[in-house]
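Pasting structure15.cif here (mmCIF, C-alpha atoms and all ligand atoms):
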data_upload
loop_
_atom_site.label_atom_id
_atom_site.label_comp_id
_atom_site.auth_asym_id
_atom_site.auth_seq_id
_atom_site.Cartn_x
_atom_site.Cartn_y
_atom_site.Cartn_z
CA GLU A 4 92.60 106.93 90.37
CA GLN A 5 95.87 108.81 89.85
CA ILE A 6 95.49 110.25 93.33
CA GLU A 7 94.80 106.82 94.81
CA LYS A 8 97.99 105.56 93.23
CA GLY A 9 99.89 108.14 95.25
CA GLY A 10 102.25 109.07 92.43
CA TYR A 11 103.07 105.50 91.48
CA GLU A 12 102.44 104.22 87.99
CA HIS A 13 100.51 101.20 89.23
CA PHE A 14 98.75 100.08 92.38
CA MET A 15 101.02 97.07 92.52
CA LEU A 16 104.14 99.23 92.76
CA LYS A 17 102.50 101.45 95.37
CA GLU A 18 101.57 98.39 97.39
CA ILE A 19 105.08 96.95 97.12
CA TYR A 20 106.44 100.23 98.46
CA GLU A 21 103.88 100.35 101.26
CA GLN A 22 105.27 97.20 102.84
CA PRO A 23 107.58 98.82 105.41
CA SER A 24 104.71 100.89 106.78
CA VAL A 25 101.97 98.26 106.61
CA ILE A 26 104.13 95.66 108.34
CA LYS A 27 104.45 98.21 111.13
CA ASP A 28 100.66 98.66 111.12
CA THR A 29 100.35 94.89 111.40
CA TYR A 30 102.46 94.60 114.51
CA ARG A 31 101.52 97.92 116.09
CA GLY A 32 99.97 97.38 119.53
CA ARG A 33 100.75 93.67 119.30
CA LEU A 34 104.52 93.46 119.34
CA HIS A 35 106.25 94.98 122.36
CA ALA A 36 109.84 94.00 121.74
CA ASN A 37 111.40 95.80 124.70
CA GLU A 38 108.95 94.31 127.16
CA GLY A 39 109.22 90.88 125.53
CA ILE A 40 105.46 90.73 124.96
CA ILE A 41 103.25 89.75 122.07
CA GLN A 42 99.62 90.56 122.54
CA MET A 43 97.03 89.40 120.06
CA SER A 44 93.55 89.33 121.49
CA GLY A 45 92.34 86.51 119.24
CA VAL A 46 95.19 84.29 120.39
CA GLU A 47 94.99 85.39 124.04
CA ASP A 48 91.26 84.66 124.23
CA ASN A 49 91.75 81.20 122.79
CA LEU A 50 95.14 80.30 124.16
CA GLU A 51 94.00 76.96 125.58
CA LYS A 52 92.63 75.90 122.21
CA PHE A 53 95.98 76.54 120.59
CA LEU A 54 97.95 74.95 123.40
CA ASN A 55 95.83 71.81 123.32
CA ALA A 56 95.98 71.55 119.55
CA GLU A 57 97.34 68.24 118.38
CA ARG A 58 97.72 69.68 114.95
CA ILE A 59 97.30 72.90 113.03
CA ILE A 60 95.82 72.75 109.57
CA ILE A 61 96.25 75.79 107.39
CA VAL A 62 93.79 76.27 104.53
CA ALA A 63 94.12 78.94 101.84
CA CYS A 64 94.42 79.61 98.11
CA GLY A 65 96.96 81.36 95.89
CA THR A 66 99.42 83.69 97.53
CA SER A 67 97.73 83.17 100.90
CA TRP A 68 98.56 79.48 100.55
CA HIS A 69 102.21 80.42 100.10
CA ALA A 70 102.05 82.47 103.30
CA GLY A 71 100.62 79.33 104.88
CA LEU A 72 103.63 77.32 103.73
CA VAL A 73 106.01 79.83 105.28
CA ALA A 74 103.91 79.60 108.46
CA GLU A 75 104.25 75.81 108.48
CA TYR A 76 108.02 76.15 108.75
CA ILE A 77 107.73 78.86 111.40
CA PHE A 78 105.08 77.16 113.54
CA GLU A 79 106.81 73.80 113.55
CA GLU A 80 110.19 75.33 114.33
CA PHE A 81 108.94 77.69 117.05
CA THR A 82 106.04 75.77 118.64
CA ARG A 83 106.69 72.12 117.72
CA ILE A 84 103.00 71.76 116.85
CA PRO A 85 102.60 69.63 113.71
CA VAL A 86 101.27 71.69 110.82
CA GLU A 87 99.68 70.76 107.53
CA VAL A 88 99.01 73.22 104.75
CA GLU A 89 96.18 72.48 102.38
CA TYR A 90 94.74 74.07 99.28
CA ALA A 91 91.23 74.92 100.44
CA SER A 92 89.83 73.54 97.19
CA GLU A 93 91.40 70.12 97.80
CA PHE A 94 90.65 70.00 101.49
CA ARG A 95 86.94 70.62 101.06
CA TYR A 96 86.41 67.78 98.64
CA ARG A 97 88.42 64.98 100.16
CA ASN A 98 86.63 64.02 103.35
CA PRO A 99 89.59 65.16 105.49
CA ILE A 100 90.33 63.63 108.90
CA ILE A 101 89.71 66.49 111.25
CA GLY A 102 88.17 66.89 114.67
CA SER A 103 87.95 68.89 117.86
CA LYS A 104 91.67 68.56 118.67
CA ASP A 105 92.59 70.34 115.46
CA VAL A 106 93.02 74.06 115.02
CA VAL A 107 92.39 75.31 111.50
CA ILE A 108 93.94 78.57 110.39
CA ALA A 109 92.27 80.04 107.31
CA ILE A 110 94.31 82.69 105.50
CA SER A 111 92.65 85.06 103.06
CA GLN A 112 93.40 88.59 101.96
CA SER A 113 89.88 89.31 100.73
CA GLY A 114 88.06 87.11 103.21
CA GLU A 115 85.73 86.16 100.37
CA THR A 116 87.40 83.24 98.58
CA ALA A 117 84.72 80.62 98.00
CA ASP A 118 86.92 77.54 98.42
CA THR A 119 88.47 78.85 101.64
CA MET A 120 85.02 79.64 102.97
CA ALA A 121 83.79 76.13 102.18
CA ALA A 122 86.84 74.61 103.89
CA ILE A 123 86.09 76.66 107.00
CA LYS A 124 82.48 75.51 107.09
CA LEU A 125 83.56 71.90 106.74
CA ALA A 126 86.15 72.21 109.52
CA LYS A 127 83.55 73.79 111.80
CA GLU A 128 81.07 71.02 111.10
CA LYS A 129 83.72 68.50 112.14
CA GLY A 130 84.28 70.31 115.42
CA ALA A 131 87.57 72.08 114.76
CA PHE A 132 88.39 75.51 116.10
CA VAL A 133 88.83 77.85 113.15
CA TYR A 134 91.02 80.95 113.26
CA GLY A 135 91.00 83.51 110.45
CA VAL A 136 93.87 85.62 109.18
CA CYS A 137 92.16 88.12 106.88
CA ASN A 138 92.94 91.54 105.59
CA VAL A 139 89.45 92.84 104.86
CA VAL A 140 87.65 93.73 108.08
CA GLY A 141 84.05 92.57 108.16
CA SER A 142 84.62 90.12 105.31
CA SER A 143 82.68 86.86 105.10
CA ILE A 144 85.60 84.77 106.33
CA SER A 145 86.36 87.02 109.27
CA ARG A 146 82.73 86.68 110.29
CA GLU A 147 82.53 82.92 109.74
CA THR A 148 85.66 81.99 111.74
CA HIS A 149 85.55 81.51 115.53
CA ALA A 150 88.26 84.10 116.09
CA GLY A 151 91.07 85.71 114.19
CA SER A 152 93.60 88.43 113.59
CA HIS A 153 93.41 91.02 110.85
CA THR A 154 96.51 91.86 108.90
CA HIS A 155 95.88 95.63 108.69
CA ALA A 156 97.59 95.92 105.29
CA GLY A 157 95.00 98.39 104.02
CA PRO A 158 93.17 97.93 100.73
CA GLU A 159 95.08 95.88 98.19
CA ILE A 160 93.98 96.83 94.67
CA GLY A 161 96.57 95.13 92.47
CA VAL A 162 95.29 91.68 91.60
CA ALA A 163 98.72 90.18 92.24
CA SER A 164 99.09 90.10 95.99
CA THR A 165 102.15 91.73 97.55
CA LYS A 166 101.64 93.53 100.86
CA ALA A 167 98.94 91.05 101.87
CA PHE A 168 101.56 88.28 101.68
CA THR A 169 104.16 89.95 103.89
CA THR A 170 101.59 91.10 106.44
CA GLN A 171 100.08 87.61 106.61
CA ILE A 172 103.55 86.26 107.36
CA THR A 173 103.98 88.95 110.01
CA VAL A 174 100.73 87.97 111.77
CA LEU A 175 101.51 84.26 111.57
CA THR A 176 105.05 84.82 112.89
CA MET A 177 103.69 86.75 115.88
CA MET A 178 101.16 83.98 116.54
CA ALA A 179 103.90 81.35 116.47
CA LEU A 180 106.08 83.42 118.79
CA ARG A 181 103.24 83.95 121.25
CA LEU A 182 102.49 80.23 121.33
CA ALA A 183 106.17 79.35 121.61
CA LYS A 184 106.38 81.58 124.66
CA ALA A 185 103.39 79.84 126.24
CA LYS A 186 104.71 76.38 125.43
CA GLY A 187 108.33 77.11 126.30
CA THR A 188 109.47 75.74 122.96
CA LEU A 189 111.82 78.63 122.19
CA SER A 190 114.64 79.66 124.49
CA ASN A 191 114.20 83.04 126.15
CA THR A 192 117.15 84.37 124.21
CA ASP A 193 115.73 83.29 120.87
CA PHE A 194 112.27 84.59 121.75
CA HIS A 195 113.63 88.04 122.58
CA ARG A 196 115.94 88.03 119.59
CA TYR A 197 113.05 87.30 117.21
CA LEU A 198 110.94 90.05 118.76
CA GLN A 199 113.72 92.57 118.33
CA GLU A 200 114.34 91.41 114.81
CA LEU A 201 110.71 91.57 113.82
CA GLU A 202 110.54 95.11 115.10
CA ILE A 203 113.30 96.22 112.74
CA ILE A 204 112.03 94.21 109.77
CA PRO A 205 110.28 97.27 108.24
CA GLU A 206 113.68 99.01 108.07
CA LYS A 207 115.15 96.01 106.31
CA VAL A 208 112.21 95.82 103.91
CA LYS A 209 112.89 99.46 103.13
CA GLU A 210 116.50 98.58 102.41
CA ALA A 211 115.38 95.65 100.27
CA LEU A 212 113.28 98.07 98.20
CA GLU A 213 116.54 99.72 97.19
CA THR A 214 117.06 96.71 94.91
CA ASN A 215 114.51 98.32 92.59
CA ALA A 216 117.08 99.70 90.12
CA LYS A 217 118.89 96.37 90.00
CA ALA A 218 115.61 94.48 89.53
CA LYS A 219 114.73 96.80 86.66
CA GLU A 220 118.10 96.26 85.04
CA ILE A 221 117.73 92.48 85.26
CA ALA A 222 114.12 92.72 84.04
CA ALA A 223 115.33 94.42 80.85
CA VAL A 224 117.57 91.44 80.13
CA PHE A 225 114.96 88.76 80.74
CA LYS A 226 111.72 90.39 79.63
CA ASP A 227 111.49 88.23 76.51
CA SER A 228 112.16 84.92 78.24
CA HIS A 229 109.64 82.14 77.72
CA ASN A 230 110.37 80.31 80.95
CA CYS A 231 111.88 80.97 84.32
CA LEU A 232 112.74 78.72 87.23
CA TYR A 233 112.68 79.87 90.86
CA LEU A 234 114.55 77.89 93.49
CA GLY A 235 114.83 78.18 97.25
CA ARG A 236 115.29 75.94 100.27
CA GLY A 237 113.72 75.82 103.71
CA TYR A 238 111.92 79.05 104.58
CA ASN A 239 112.67 80.32 101.11
CA PHE A 240 111.11 77.43 99.23
CA PRO A 241 107.63 79.04 99.55
CA VAL A 242 109.21 82.34 98.49
CA ALA A 243 110.38 80.62 95.29
CA LEU A 244 106.79 79.47 94.67
CA GLU A 245 105.51 82.96 95.30
CA GLY A 246 108.17 84.54 93.07
CA ALA A 247 107.17 82.24 90.22
CA LEU A 248 103.47 82.91 90.79
CA LYS A 249 104.03 86.67 90.67
CA LEU A 250 105.89 86.40 87.37
CA LYS A 251 103.30 84.21 85.65
CA GLU A 252 100.34 86.19 86.98
CA ILE A 253 101.40 89.54 85.64
CA SER A 254 103.88 88.93 82.81
CA TYR A 255 102.43 85.67 81.38
CA ILE A 256 105.91 84.14 81.33
CA HIS A 257 105.80 80.50 82.31
CA ALA A 258 107.53 80.15 85.66
CA GLU A 259 107.97 77.34 88.12
CA GLY A 260 109.00 77.42 91.75
CA TYR A 261 110.82 74.44 93.17
CA PRO A 262 112.70 73.40 96.28
CA ALA A 263 116.31 73.76 95.10
CA ALA A 264 117.29 70.18 95.95
CA GLU A 265 114.30 68.77 94.08
CA MET A 266 115.70 70.29 90.91
CA LYS A 267 117.65 67.13 90.16
CA HIS A 268 114.41 65.16 90.03
CA GLY A 269 113.07 66.96 87.01
CA PRO A 270 113.63 70.65 86.32
CA ILE A 271 117.36 70.15 85.80
CA ALA A 272 116.44 68.62 82.45
CA LEU A 273 115.16 72.04 81.36
CA ILE A 274 118.35 73.90 82.13
CA ASP A 275 120.32 75.29 79.23
CA GLU A 276 121.74 78.66 78.22
CA HIS A 277 118.22 80.02 77.63
CA MET A 278 116.85 79.23 81.07
CA PRO A 279 117.01 81.99 83.68
CA VAL A 280 117.07 80.54 87.19
CA VAL A 281 116.25 82.80 90.10
CA ILE A 282 117.90 81.40 93.21
CA ILE A 283 117.20 82.64 96.70
CA ALA A 284 120.48 82.21 98.49
CA PRO A 285 120.71 84.22 101.71
CA LYS A 286 123.65 83.60 104.03
CA GLN A 287 121.44 82.17 106.78
CA GLY A 288 119.78 78.87 106.09
CA HIS A 289 121.15 76.13 103.90
CA TYR A 290 123.77 78.27 102.26
CA ASP A 291 126.33 75.59 101.37
CA LYS A 292 123.62 73.40 99.90
CA ILE A 293 122.34 76.26 97.78
CA VAL A 294 125.87 77.01 96.58
CA SER A 295 126.20 73.45 95.34
CA ASN A 296 122.80 73.73 93.62
CA ILE A 297 124.08 76.85 91.89
CA GLN A 298 127.16 74.96 90.75
CA GLU A 299 124.94 72.28 89.24
CA ILE A 300 123.04 74.90 87.24
CA LYS A 301 126.23 76.66 86.21
CA SER A 302 127.74 73.47 84.87
CA ARG A 303 124.68 73.10 82.62
CA SER A 304 125.01 76.66 81.32
CA GLY A 305 121.92 77.96 83.11
CA ILE A 306 121.70 81.70 83.72
CA ILE A 307 121.76 82.48 87.43
CA ILE A 308 120.03 85.40 89.07
CA ALA A 309 120.80 85.13 92.76
CA VAL A 310 119.26 86.91 95.72
CA VAL A 311 122.07 87.08 98.26
CA THR A 312 122.90 88.66 101.58
CA LYS A 313 124.84 91.93 101.37
CA GLY A 314 128.56 91.28 101.23
CA ASP A 315 128.22 87.77 99.82
CA THR A 316 131.24 86.68 97.81
CA GLN A 317 130.82 82.97 97.15
CA VAL A 318 127.57 83.10 95.17
CA ARG A 319 128.63 86.31 93.46
CA GLU A 320 131.48 84.42 91.81
CA LEU A 321 129.08 81.90 90.31
CA ALA A 322 126.01 83.96 89.52
CA ASP A 323 125.41 86.01 86.38
CA TYR A 324 123.36 88.60 88.26
CA VAL A 325 123.10 89.26 91.98
CA ILE A 326 120.58 91.18 94.01
CA GLU A 327 121.77 92.05 97.51
CA ILE A 328 119.42 92.15 100.46
CA PRO A 329 120.03 92.94 104.13
CA GLU A 330 120.82 90.12 106.53
CA THR A 331 118.18 88.67 108.80
CA SER A 332 117.56 85.38 110.54
CA ASP A 333 116.52 82.41 108.45
CA ALA A 334 112.97 82.32 109.84
CA LEU A 335 112.24 85.96 109.06
CA SER A 336 114.03 86.02 105.73
CA PRO A 337 110.92 85.48 103.55
CA LEU A 338 109.82 88.99 104.51
CA ILE A 339 112.97 90.32 102.87
CA THR A 340 113.76 87.88 100.05
CA THR A 341 110.29 88.23 98.57
CA ILE A 342 110.74 91.99 97.92
CA PRO A 343 113.19 91.88 94.98
CA LEU A 344 111.13 89.08 93.41
CA GLN A 345 108.02 91.27 93.48
CA LEU A 346 109.99 94.10 91.87
CA LEU A 347 111.48 91.83 89.23
CA SER A 348 108.04 90.55 88.16
CA TYR A 349 106.64 94.05 88.20
CA HIS A 350 109.31 95.48 85.88
CA ILE A 351 109.19 92.53 83.51
CA ALA A 352 105.40 92.89 83.20
CA VAL A 353 105.64 96.65 82.62
CA MET A 354 108.32 96.17 79.96
CA ARG A 355 106.15 93.60 78.21
CA GLY A 356 103.28 96.07 78.15
CA CYS A 357 101.06 93.94 80.36
CA ASN A 358 98.17 95.21 82.42
CA VAL A 359 99.98 94.89 85.74
CA ASP A 360 97.12 95.72 88.08
CA GLN A 361 94.50 93.71 86.24
CA PRO A 362 96.08 90.74 84.52
CA ARG A 363 93.97 88.82 82.04
CA ASN A 364 91.74 86.03 83.33
CA LEU A 365 92.47 86.75 87.00
CA ALA A 366 90.25 88.22 89.70
CA LYS A 367 91.19 89.89 92.95
CA SER A 368 88.86 87.66 94.88
CA VAL A 369 87.46 84.43 93.58
CA THR A 370 83.98 84.12 94.99
CA VAL A 371 82.97 81.20 92.79
CA GLU A 372 84.58 77.80 92.90
C1 LIG A 401 93.02 85.20 93.74
C2 LIG A 401 93.95 86.41 93.75
C3 LIG A 401 95.26 86.06 94.47
C4 LIG A 401 94.97 85.54 95.85
C5 LIG A 401 93.98 84.36 95.82
C6 LIG A 401 93.48 84.04 97.22
O1 LIG A 401 93.57 84.23 92.93
O2 LIG A 401 94.22 86.82 92.44
O3 LIG A 401 96.09 87.20 94.56
O4 LIG A 401 96.16 85.13 96.47
O5 LIG A 401 92.83 84.71 95.06
O6 LIG A 401 92.75 85.14 97.69
P1 LIG A 401 92.49 85.49 99.18
O7 LIG A 401 91.70 86.76 99.14
O8 LIG A 401 91.69 84.36 99.77
O9 LIG A 401 93.80 85.63 99.86
#

Could you render the structure from this file as structure tokens?
Amino acid sequence: EQIEKGGYEHFMLKEIYEQPSVIKDTYRGRLHANEGIIQMSGVEDNLEKFLNAERIIIVACGTSWHAGLVAEYIFEEFTRIPVEVEYASEFRYRNPIIGSKDVVIAISQSGETADTMAAIKLAKEKGAFVYGVCNVVGSSISRETHAGSHTHAGPEIGVASTKAFTTQITVLTMMALRLAKAKGTLSNTDFHRYLQELEIIPEKVKEALETNAKAKEIAAVFKDSHNCLYLGRGYNFPVALEGALKLKEISYIHAEGYPAAEMKHGPIALIDEHMPVVIIAPKQGHYDKIVSNIQEIKSRSGIIIAVVTKGDTQVRELADYVIEIPETSDALSPLITTIPLQLLSYHIAVMRGCNVDQPRNLAKSVTVE
């Protein structure tokens, strides 16, 4: 097992650090930035189905559901196809309106999640075209779906998902870009810019991993917290959900993710000098709005841990702790902003003496409902 961990103390840490290389594995042979081409056989073979789709419904559970939420923002922005994201467990039991004009995308690391599988079977029965985004080759879900794309993240052992999440987002981003190209919903300039940017994302993820020391330092301060709030807007709202999920899964600290502007409709009541608030505040996106959210927290004595773009000055003045990440476009930022949040959860869990790779009560794949 020590050998499998490749010198890392835990599988989770190894998998966090593998992200630059597995993201490359995910786009290898598919993304040709210089030629301006994205080639994914599953999409190519079924292009008409996607182009005729009146709606895309994404079904998934857990972290894969969060990747689905990021994909909703990306698909709608790039392709203008309406997208809904559903918990597979809810979808399967609510007699959903779905038919042959719908494309269902099922996301699953393991390809074995029982609820996701049941949602797929239901969608197929109702005549929808079902596309799988799975990591495990030959898994039940990759066999059950009509077509699909594997994420090529390699085996993920840590129960808390890390590299599966970022590679799922990578696949879904490439799908959205390919469809945008076919539909003409992105300008040529934007299309090429995103391709170039995606190609250098592994380098930026590598740079984001340099936040490790800072994340560890912040972890030492907050390891005994009882609660933690995670806030983000737009593309980084799902990242806030995922950050909170990571913390509760492995450290057993109660954490909630929220869209930053929704804070005033509830969570703001919880803010006092004991409440750490992790805010994802990159320069791109709704920066000014986030700054005013930070001011609201500050004026209620909340403790602010902000993830900011390198060189940021405005948030730095307000925040108690800052973690700097490299700049990227708003749409691709979840691939970067999620990295320090994974590291923060990891260090907090280690410092609390938790079983990071196998947290209590959780399973890597949930094959029962
Ligand atoms: C379990 C795992 C999570 C995972 C979820 C969905 O809860 O602990 O890490 O996100 O299942 O799994 P899947 O394999 O379908 O992505």

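Across the model, the gap from CA of Ala156 (chain A) to CA of Val369 (chain A) is 19.3 Å.
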
I'd like a table as CSV: residues in chain A with an atom no more than 7 Å from ligand LIG 401 (chain A), each row giving the shortest atom pair and its distance in Å to one decimal, only C-alpha atoms and all ligand atoms counted, sorted by chain and rising residue number.
residue,atom,partner,partner_atom,distance
A:Ala63,CA,A:LIG401,O8,6.3
A:Cys64,CA,A:LIG401,C6,4.6
A:Gly65,CA,A:LIG401,O4,3.9
A:Thr66,CA,A:LIG401,O4,3.7
A:Ser67,CA,A:LIG401,O9,4.8
A:Ile110,CA,A:LIG401,O9,6.4
A:Ser111,CA,A:LIG401,O9,3.4
A:Gln112,CA,A:LIG401,O9,3.7
A:Ser113,CA,A:LIG401,O7,3.5
A:Gly114,CA,A:LIG401,O7,5.5
A:Glu115,CA,A:LIG401,O7,6.1
A:Thr116,CA,A:LIG401,O8,4.6
A:Thr119,CA,A:LIG401,O8,6.7
A:Val162,CA,A:LIG401,O2,5.0
A:Ala163,CA,A:LIG401,O3,4.6
A:Ser164,CA,A:LIG401,O3,4.4
A:Leu365,CA,A:LIG401,O2,5.7
A:Ala366,CA,A:LIG401,O2,5.0
A:Lys367,CA,A:LIG401,O2,4.3
A:Ser368,CA,A:LIG401,O5,4.9
A:Val369,CA,A:LIG401,O5,5.6

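Distances here use only C-alpha atoms; by that measure, the residue among A:Ser302, A:Lys267, A:His257, A:Leu125 closest to Asp227 (chain A) is A:His257.
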
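Atom to atom, CA of Glu80 (chain A) and CA of Thr188 (chain A) stand 8.7 Å apart.
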
Non-local contacts of Met354 (chain A) (8 Å; only C-alpha atoms; under 3 positions in same chain excluded) as a list of chain:residue names: A:Ala222, A:Ala223, A:Lys226, A:His350, A:Ile351, A:Cys357

In terms of the shortest atom-to-atom distance over all atoms listed in the file, which of A:Asp193, A:Glu93, A:Glu147, A:Glu75 is closest to Ser332 (chain A)?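 Looking only at the distances to Ser332 (chain A), the closest residue turns out to be A:Asp193.
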
Polymer residues at most 9 Å from Ile172 (chain A), all atoms listed in the file, same-chain spacing of 4 or more positions, as a JSON list (two decimals) with C-alpha atoms, keeping the file's coordinate frame:
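Output below, filename result16.json:
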[["chain", "number", "residue", "atom", "x", "y", "z"],
["A", 70, "ALA", "CA", 102.05, 82.47, 103.30],
["A", 71, "GLY", "CA", 100.62, 79.33, 104.88],
["A", 73, "VAL", "CA", 106.01, 79.83, 105.28],
["A", 74, "ALA", "CA", 103.91, 79.60, 108.46],
["A", 167, "ALA", "CA", 98.94, 91.05, 101.87],
["A", 168, "PHE", "CA", 101.56, 88.28, 101.68],
["A", 176, "THR", "CA", 105.05, 84.82, 112.89],
["A", 177, "MET", "CA", 103.69, 86.75, 115.88],
["A", 335, "LEU", "CA", 112.24, 85.96, 109.06],
["A", 337, "PRO", "CA", 110.92, 85.48, 103.55],
["A", 338, "LEU", "CA", 109.82, 88.99, 104.51]]

Would you pick out the contacts of Gln345 (chain A) at 12 Å or less, using all atoms listed in the file, so that residues sharing its chain but fewer than 3 positions from it are not included, and give the list as number ranges by chain? A: 15-20, 22, 163-166, 168-169, 211-212, 214-215, 218-219, 222, 242-254, 337-342, 348-352, 359

Residues of the last selection are to be written out with C-alpha atoms, as a PDB file, in the coordinates of the input.
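The result, written out as again-v2.pdb:
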ATOM      1  CA  MET A  15     101.020  97.070  92.520  1.00  0.00           C
ATOM      2  CA  LEU A  16     104.140  99.230  92.760  1.00  0.00           C
ATOM      3  CA  LYS A  17     102.500 101.450  95.370  1.00  0.00           C
ATOM      4  CA  GLU A  18     101.570  98.390  97.390  1.00  0.00           C
ATOM      5  CA  ILE A  19     105.080  96.950  97.120  1.00  0.00           C
ATOM      6  CA  TYR A  20     106.440 100.230  98.460  1.00  0.00           C
ATOM      7  CA  GLN A  22     105.270  97.200 102.840  1.00  0.00           C
ATOM      8  CA  ALA A 163      98.720  90.180  92.240  1.00  0.00           C
ATOM      9  CA  SER A 164      99.090  90.100  95.990  1.00  0.00           C
ATOM     10  CA  THR A 165     102.150  91.730  97.550  1.00  0.00           C
ATOM     11  CA  LYS A 166     101.640  93.530 100.860  1.00  0.00           C
ATOM     12  CA  PHE A 168     101.560  88.280 101.680  1.00  0.00           C
ATOM     13  CA  THR A 169     104.160  89.950 103.890  1.00  0.00           C
ATOM     14  CA  ALA A 211     115.380  95.650 100.270  1.00  0.00           C
ATOM     15  CA  LEU A 212     113.280  98.070  98.200  1.00  0.00           C
ATOM     16  CA  THR A 214     117.060  96.710  94.910  1.00  0.00           C
ATOM     17  CA  ASN A 215     114.510  98.320  92.590  1.00  0.00           C
ATOM     18  CA  ALA A 218     115.610  94.480  89.530  1.00  0.00           C
ATOM     19  CA  LYS A 219     114.730  96.800  86.660  1.00  0.00           C
ATOM     20  CA  ALA A 222     114.120  92.720  84.040  1.00  0.00           C
ATOM     21  CA  VAL A 242     109.210  82.340  98.490  1.00  0.00           C
ATOM     22  CA  ALA A 243     110.380  80.620  95.290  1.00  0.00           C
ATOM     23  CA  LEU A 244     106.790  79.470  94.670  1.00  0.00           C
ATOM     24  CA  GLU A 245     105.510  82.960  95.300  1.00  0.00           C
ATOM     25  CA  GLY A 246     108.170  84.540  93.070  1.00  0.00           C
ATOM     26  CA  ALA A 247     107.170  82.240  90.220  1.00  0.00           C
ATOM     27  CA  LEU A 248     103.470  82.910  90.790  1.00  0.00           C
ATOM     28  CA  LYS A 249     104.030  86.670  90.670  1.00  0.00           C
ATOM     29  CA  LEU A 250     105.890  86.400  87.370  1.00  0.00           C
ATOM     30  CA  LYS A 251     103.300  84.210  85.650  1.00  0.00           C
ATOM     31  CA  GLU A 252     100.340  86.190  86.980  1.00  0.00           C
ATOM     32  CA  ILE A 253     101.400  89.540  85.640  1.00  0.00           C
ATOM     33  CA  SER A 254     103.880  88.930  82.810  1.00  0.00           C
ATOM     34  CA  PRO A 337     110.920  85.480 103.550  1.00  0.00           C
ATOM     35  CA  LEU A 338     109.820  88.990 104.510  1.00  0.00           C
ATOM     36  CA  ILE A 339     112.970  90.320 102.870  1.00  0.00           C
ATOM     37  CA  THR A 340     113.760  87.880 100.050  1.00  0.00           C
ATOM     38  CA  THR A 341     110.290  88.230  98.570  1.00  0.00           C
ATOM     39  CA  ILE A 342     110.740  91.990  97.920  1.00  0.00           C
ATOM     40  CA  SER A 348     108.040  90.550  88.160  1.00  0.00           C
ATOM     41  CA  TYR A 349     106.640  94.050  88.200  1.00  0.00           C
ATOM     42  CA  HIS A 350     109.310  95.480  85.880  1.00  0.00           C
ATOM     43  CA  ILE A 351     109.190  92.530  83.510  1.00  0.00           C
ATOM     44  CA  ALA A 352     105.400  92.890  83.200  1.00  0.00           C
ATOM     45  CA  VAL A 359      99.980  94.890  85.740  1.00  0.00           C
TER      46      VAL A 359
END

Coordinate excerpt as a PDB file, in the first residue's frame: region 272-283 of chain A, N, CA and C atoms:
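File decode-v7.pdb, as written:
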ATOM      1  N   ALA A 272     -27.410  34.781   9.571  1.00  0.00           N
ATOM      2  CA  ALA A 272     -27.791  34.730  10.992  1.00  0.00           C
ATOM      3  C   ALA A 272     -26.772  33.941  11.815  1.00  0.00           C
ATOM      4  N   LEU A 273     -26.009  33.095  11.163  1.00  0.00           N
ATOM      5  CA  LEU A 273     -25.037  32.249  11.880  1.00  0.00           C
ATOM      6  C   LEU A 273     -23.705  32.947  12.083  1.00  0.00           C
ATOM      7  N   ILE A 274     -23.515  34.065  11.375  1.00  0.00           N
ATOM      8  CA  ILE A 274     -22.173  34.657  11.378  1.00  0.00           C
ATOM      9  C   ILE A 274     -21.862  35.424  12.655  1.00  0.00           C
ATOM     10  N   ASP A 275     -20.782  35.010  13.286  1.00  0.00           N
ATOM     11  CA  ASP A 275     -20.222  35.734  14.426  1.00  0.00           C
ATOM     12  C   ASP A 275     -18.712  35.475  14.436  1.00  0.00           C
ATOM     13  N   GLU A 276     -18.047  35.893  15.485  1.00  0.00           N
ATOM     14  CA  GLU A 276     -16.583  35.800  15.484  1.00  0.00           C
ATOM     15  C   GLU A 276     -16.068  34.364  15.542  1.00  0.00           C
ATOM     16  N   HIS A 277     -16.982  33.391  15.695  1.00  0.00           N
ATOM     17  CA  HIS A 277     -16.536  31.987  15.708  1.00  0.00           C
ATOM     18  C   HIS A 277     -16.761  31.283  14.375  1.00  0.00           C
ATOM     19  N   MET A 278     -17.341  31.997  13.418  1.00  0.00           N
ATOM     20  CA  MET A 278     -17.708  31.315  12.171  1.00  0.00           C
ATOM     21  C   MET A 278     -16.707  31.582  11.051  1.00  0.00           C
ATOM     22  N   PRO A 279     -15.894  30.571  10.696  1.00  0.00           N
ATOM     23  CA  PRO A 279     -15.032  30.763   9.533  1.00  0.00           C
ATOM     24  C   PRO A 279     -15.865  30.697   8.246  1.00  0.00           C
ATOM     25  N   VAL A 280     -15.606  31.629   7.357  1.00  0.00           N
ATOM     26  CA  VAL A 280     -16.324  31.654   6.077  1.00  0.00           C
ATOM     27  C   VAL A 280     -15.293  31.595   4.954  1.00  0.00           C
ATOM     28  N   VAL A 281     -15.356  30.535   4.197  1.00  0.00           N
ATOM     29  CA  VAL A 281     -14.456  30.398   3.054  1.00  0.00           C
ATOM     30  C   VAL A 281     -15.164  31.017   1.859  1.00  0.00           C
ATOM     31  N   ILE A 282     -14.528  32.025   1.268  1.00  0.00           N
ATOM     32  CA  ILE A 282     -15.160  32.719   0.143  1.00  0.00           C
ATOM     33  C   ILE A 282     -14.303  32.567  -1.103  1.00  0.00           C
ATOM     34  N   ILE A 283     -14.939  32.132  -2.179  1.00  0.00           N
ATOM     35  CA  ILE A 283     -14.199  31.973  -3.428  1.00  0.00           C
ATOM     36  C   ILE A 283     -14.396  33.269  -4.208  1.00  0.00           C
TER      37      ILE A 283
END
